[in-house]
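S.K.: Shown below is the structure under consideration.
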Amino acid sequence: MSAADRAPHFVRSLERGLAVIRAFDADHPELSLSEVARTCGLTRAAARRFLLTLADLGYVRADGRSYRLTPRVLELGYSYLSSFSLAQIAEPHLEQLVDRTRESSSLCVLDGDDVVYVARVPARRIMTAAITVGTRFPAHVTSVGRVILAGLPDGELELRLSRAELVPLTTRTIVAADLLRAELERVRRQGYALVDQELEEGLRSIAAPVRDRGGEVVAAVNIPVQAGRTTLAAVRRDLLPPLLETVAGIEADLRMAASPRGPVRASSPGSGTRRSSSSPRPPAPRP
């Protein structure tokens, strides 16, 4: 930006200070005073003042005649990440997952006895599922719901199971409490849920839990597929690995976004209407 283009409020010294920080990168983790001055277009005296100021603030440390950034620089990104909701953090990861698998993917959270879609990236097909942010389904019959339920403490899980309406949505829906309890235990052990046509005929869905910095399950990511074109074995083989990698990426960003002020917002799940089993394209778990 030229001097003529700068607004009256522009603080040149802030621009130069940020330039000094950006001078360090993966290829140049350590720089001398002369190198910083040359890279940033500063005099040696000015570069020295900026480096010493950054060192006083804890963002740079001197190592002999050279300088390095310190981990405290990461704090500059924390504010940005912590201002994002869980859905906003997850969405870029979902987009990459959809590009990789050519299947739709969603992020859901638990709200009462339902799961609510808080982020969704549809596959680029002529025919796509009519699921939007705010869509709700009974938690116990969906893949996302089951991985979240499986992550609950035993006491809370039992309470939820005791009040769940185990009605058959298809001929495959688990409606016996003991069978559902056993299924959730299996989901807990294996770390993912695969549901085969329990929510809707012709629909299979695989999901994995998203954990926060403390290890608590706060959401789940799913990939729904049409049963007619994808076998259960293919779902596990082709979709589970990228799904788990996506969840790991979301969790890494959540750890970065964690702040002393509290957990990342999931975004308000209160909106949206429950869909019946005839609604197009939801998710679901069970191998």
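Simple scheme: letters A, B, ... for chains in structure tokens order, numbers from 1 for residues in each chain, numbers from 1 for ligands in the order shown.
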Mind checking which residues fall within 7 Å of region 98-114 of chain A, counting only C-alpha atoms, ignoring those fewer than 3 positions away in the same chain, and posting them as a tab-separated table (two decimals) with all heavy atoms, in the first residue's frame?
M.R.:
```
chain	number	residue	atom	x	y	z
A	94	LEU	N	-15.51	-29.71	6.57
A	94	LEU	CA	-16.59	-30.44	5.89
A	94	LEU	C	-16.46	-30.27	4.38
A	94	LEU	O	-16.69	-31.22	3.62
A	94	LEU	CB	-17.96	-29.96	6.37
A	94	LEU	CG	-18.31	-30.13	7.84
A	94	LEU	CD1	-19.74	-29.67	8.09
A	94	LEU	CD2	-18.13	-31.57	8.29
A	95	GLU	N	-16.14	-29.08	3.95
A	95	GLU	CA	-15.98	-28.83	2.51
A	95	GLU	C	-14.88	-29.70	1.91
A	95	GLU	O	-15.03	-30.28	0.83
A	95	GLU	CB	-15.69	-27.35	2.26
A	95	GLU	CG	-16.88	-26.45	2.56
A	95	GLU	CD	-16.53	-24.98	2.47
A	95	GLU	OE1	-15.32	-24.66	2.36
A	95	GLU	OE2	-17.45	-24.14	2.52
A	117	TYR	N	-28.90	-30.21	13.03
A	117	TYR	CA	-27.87	-29.91	12.05
A	117	TYR	C	-27.45	-28.45	12.20
A	117	TYR	O	-28.28	-27.54	12.07
A	117	TYR	CB	-28.39	-30.14	10.63
A	117	TYR	CG	-28.48	-31.60	10.25
A	117	TYR	CD1	-29.39	-32.43	10.88
A	117	TYR	CD2	-27.65	-32.14	9.28
A	117	TYR	CE1	-29.48	-33.77	10.55
A	117	TYR	CE2	-27.74	-33.48	8.94
A	117	TYR	CZ	-28.65	-34.29	9.58
A	117	TYR	OH	-28.73	-35.62	9.24
A	118	VAL	N	-26.16	-28.22	12.49
A	118	VAL	CA	-25.67	-26.85	12.65
A	118	VAL	C	-24.73	-26.45	11.52
A	118	VAL	O	-24.39	-25.28	11.38
A	118	VAL	CB	-24.97	-26.67	14.02
A	118	VAL	CG1	-25.98	-26.84	15.15
A	118	VAL	CG2	-23.81	-27.62	14.18
A	119	ALA	N	-24.31	-27.39	10.70
A	119	ALA	CA	-23.51	-27.09	9.51
A	119	ALA	C	-23.71	-28.22	8.53
A	119	ALA	O	-23.80	-29.39	8.92
A	119	ALA	CB	-22.03	-26.93	9.85
A	120	ARG	N	-23.77	-27.89	7.26
A	120	ARG	CA	-23.97	-28.92	6.24
A	120	ARG	C	-23.34	-28.48	4.93
A	120	ARG	O	-23.48	-27.33	4.52
A	120	ARG	CB	-25.45	-29.20	6.03
A	120	ARG	CG	-25.72	-30.21	4.90
A	120	ARG	CD	-27.16	-30.67	4.90
A	120	ARG	NE	-27.49	-31.43	3.71
A	120	ARG	CZ	-27.15	-32.70	3.51
A	120	ARG	NH1	-26.47	-33.35	4.43
A	120	ARG	NH2	-27.47	-33.33	2.39
A	121	VAL	N	-22.65	-29.43	4.28
A	121	VAL	CA	-22.09	-29.20	2.95
A	121	VAL	C	-22.62	-30.32	2.06
A	121	VAL	O	-22.26	-31.48	2.23
A	121	VAL	CB	-20.56	-29.20	2.96
A	121	VAL	CG1	-20.02	-29.02	1.53
A	121	VAL	CG2	-20.02	-28.11	3.86
A	122	PRO	N	-23.51	-30.01	1.11
A	122	PRO	CA	-24.07	-31.06	0.26
A	122	PRO	C	-23.12	-31.45	-0.85
A	122	PRO	O	-22.27	-30.66	-1.28
A	122	PRO	CB	-25.33	-30.40	-0.31
A	122	PRO	CG	-24.99	-28.94	-0.34
A	122	PRO	CD	-24.10	-28.69	0.86
A	123	ALA	N	-23.26	-32.69	-1.32
A	123	ALA	CA	-22.49	-33.13	-2.47
A	123	ALA	C	-23.02	-32.42	-3.70
A	123	ALA	O	-24.20	-32.06	-3.78
A	123	ALA	CB	-22.61	-34.64	-2.64
A	136	ARG	N	-33.95	-31.41	12.45
A	136	ARG	CA	-33.86	-32.20	13.67
A	136	ARG	C	-34.30	-33.63	13.41
A	136	ARG	O	-35.22	-33.87	12.64
A	136	ARG	CB	-34.74	-31.59	14.77
A	136	ARG	CG	-34.54	-30.12	15.02
A	136	ARG	CD	-35.62	-29.56	15.93
A	136	ARG	NE	-35.42	-30.02	17.29
A	136	ARG	CZ	-34.73	-29.35	18.22
A	136	ARG	NH1	-34.16	-28.21	17.92
A	136	ARG	NH2	-34.60	-29.83	19.44
A	137	PHE	N	-33.63	-34.56	14.12
A	137	PHE	CA	-34.01	-35.98	14.10
A	137	PHE	C	-33.86	-36.55	15.51
A	137	PHE	O	-33.05	-36.05	16.30
A	137	PHE	CB	-33.13	-36.79	13.15
A	137	PHE	CG	-33.36	-36.50	11.69
A	137	PHE	CD1	-32.34	-35.94	10.92
A	137	PHE	CD2	-34.56	-36.80	11.08
A	137	PHE	CE1	-32.53	-35.68	9.58
A	137	PHE	CE2	-34.76	-36.54	9.74
A	137	PHE	CZ	-33.75	-35.97	8.98
A	138	PRO	N	-34.60	-37.61	15.83
A	138	PRO	CA	-34.39	-38.28	17.12
A	138	PRO	C	-32.95	-38.78	17.21
A	138	PRO	O	-32.45	-39.43	16.29
A	138	PRO	CB	-35.39	-39.44	17.07
A	138	PRO	CG	-36.41	-39.03	16.07
A	138	PRO	CD	-35.68	-38.23	15.04
A	139	ALA	N	-32.29	-38.48	18.31
A	139	ALA	CA	-30.86	-38.78	18.43
A	139	ALA	C	-30.57	-40.27	18.36
A	139	ALA	O	-29.60	-40.69	17.72
A	139	ALA	CB	-30.33	-38.20	19.74
A	144	VAL	N	-25.10	-39.69	13.94
A	144	VAL	CA	-24.55	-38.59	14.73
A	144	VAL	C	-25.07	-38.64	16.16
A	144	VAL	O	-24.33	-38.40	17.12
A	144	VAL	CB	-24.87	-37.22	14.08
A	144	VAL	CG1	-23.97	-36.96	12.89
A	144	VAL	CG2	-26.33	-37.15	13.65
A	218	VAL	N	-18.84	-33.08	21.92
A	218	VAL	CA	-19.68	-31.89	21.81
A	218	VAL	C	-20.48	-31.86	20.51
A	218	VAL	O	-21.40	-31.06	20.36
A	218	VAL	CB	-18.82	-30.61	21.90
A	218	VAL	CG1	-18.23	-30.47	23.29
A	218	VAL	CG2	-17.73	-30.59	20.84
A	219	ALA	N	-20.14	-32.74	19.58
A	219	ALA	CA	-20.82	-32.76	18.28
A	219	ALA	C	-20.44	-34.04	17.55
A	219	ALA	O	-19.70	-34.88	18.09
A	219	ALA	CB	-20.43	-31.53	17.45
A	220	ALA	N	-20.94	-34.17	16.34
A	220	ALA	CA	-20.59	-35.33	15.51
A	220	ALA	C	-20.66	-34.93	14.05
A	220	ALA	O	-21.43	-34.05	13.66
A	220	ALA	CB	-21.52	-36.50	15.79
A	221	VAL	N	-19.84	-35.58	13.24
A	221	VAL	CA	-19.82	-35.36	11.79
A	221	VAL	C	-20.26	-36.65	11.12
A	221	VAL	O	-19.83	-37.74	11.51
A	221	VAL	CB	-18.41	-34.97	11.30
A	221	VAL	CG1	-18.37	-34.88	9.77
A	221	VAL	CG2	-17.99	-33.64	11.91
A	222	ASN	N	-21.10	-36.53	10.10
A	222	ASN	CA	-21.57	-37.73	9.42
A	222	ASN	C	-21.37	-37.66	7.91
A	222	ASN	O	-21.11	-36.59	7.34
A	222	ASN	CB	-23.05	-37.97	9.72
A	222	ASN	CG	-23.94	-37.11	8.84
A	222	ASN	OD1	-23.62	-35.97	8.54
A	222	ASN	ND2	-25.09	-37.64	8.46
A	223	ILE	N	-21.47	-38.82	7.29
A	223	ILE	CA	-21.52	-38.94	5.83
A	223	ILE	C	-22.67	-39.90	5.51
A	223	ILE	O	-22.57	-41.09	5.80
A	223	ILE	CB	-20.21	-39.50	5.24
A	223	ILE	CG1	-19.01	-38.65	5.64
A	223	ILE	CG2	-20.32	-39.57	3.72
A	223	ILE	CD1	-17.68	-39.24	5.16
A	224	PRO	N	-23.76	-39.41	4.94
A	224	PRO	CA	-24.85	-40.29	4.54
A	224	PRO	C	-24.65	-40.76	3.10
A	224	PRO	O	-24.13	-40.02	2.26
A	224	PRO	CB	-26.08	-39.38	4.64
A	224	PRO	CG	-25.55	-38.02	4.34
A	224	PRO	CD	-24.11	-37.98	4.81
A	239	LEU	N	-14.97	-44.46	3.45
A	239	LEU	CA	-15.45	-43.22	4.05
A	239	LEU	C	-14.99	-43.01	5.49
A	239	LEU	O	-14.82	-41.88	5.93
A	239	LEU	CB	-16.98	-43.16	4.00
A	239	LEU	CG	-17.60	-43.20	2.60
A	239	LEU	CD1	-19.11	-43.09	2.68
A	239	LEU	CD2	-17.02	-42.09	1.72
A	269	PRO	N	-29.23	-24.12	18.34
A	269	PRO	CA	-29.95	-25.22	17.73
A	269	PRO	C	-31.45	-25.09	17.87
A	269	PRO	O	-32.19	-25.97	17.48
A	269	PRO	CB	-29.44	-26.42	18.52
A	269	PRO	CG	-29.18	-25.88	19.88
A	269	PRO	CD	-28.77	-24.44	19.68
```
S.K.: Among region 80-282 of chain A, which residues does DSSP mark as strand (DSSP E or B) when it is run on the backbone? Keep the chain and numbering as in the structure and answer as a PyMOL selection string.
M.R.: chain A and resi 105-111+114-121+136-138+193-196+203-211+217-226+259+262+274
S.K.: I'd like the neighbourhood of region 28-44 of chain A as a PyMOL selection string, where a residue qualifies if any of its atoms comes within 12 Å (using only C-alpha atoms), though same-chain residues fewer than 3 positions away should be ignored.
M.R.: chain A and resi 13+15-25+47-52+60-70
S.K.: Tell me which protein, DNA and RNA residues are within 9 Å of Arg189 (chain A), counting only C-alpha atoms, leaving out same-chain ones fewer than 4 positions away, and put them as an mmCIF file with C-alpha atoms, in the first residue's frame.
M.R.:
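Result file selection_37.cif:
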```
data_model
loop_
_atom_site.group_PDB
_atom_site.id
_atom_site.type_symbol
_atom_site.label_atom_id
_atom_site.label_comp_id
_atom_site.auth_asym_id
_atom_site.auth_seq_id
_atom_site.Cartn_x
_atom_site.Cartn_y
_atom_site.Cartn_z
ATOM 1 C CA ALA A 150 -22.271 -43.040 23.434
ATOM 2 C CA LEU A 184 -24.294 -47.687 21.923
ATOM 3 C CA GLU A 185 -21.708 -49.655 23.869
#
```
S.K.: Considering only helix (DSSP H, G or I) as DSSP defines it on the backbone, what residues of region 106-145 of chain A qualify? List them as a PyMOL selection string.
M.R.: chain A and resi 139-141+143-145
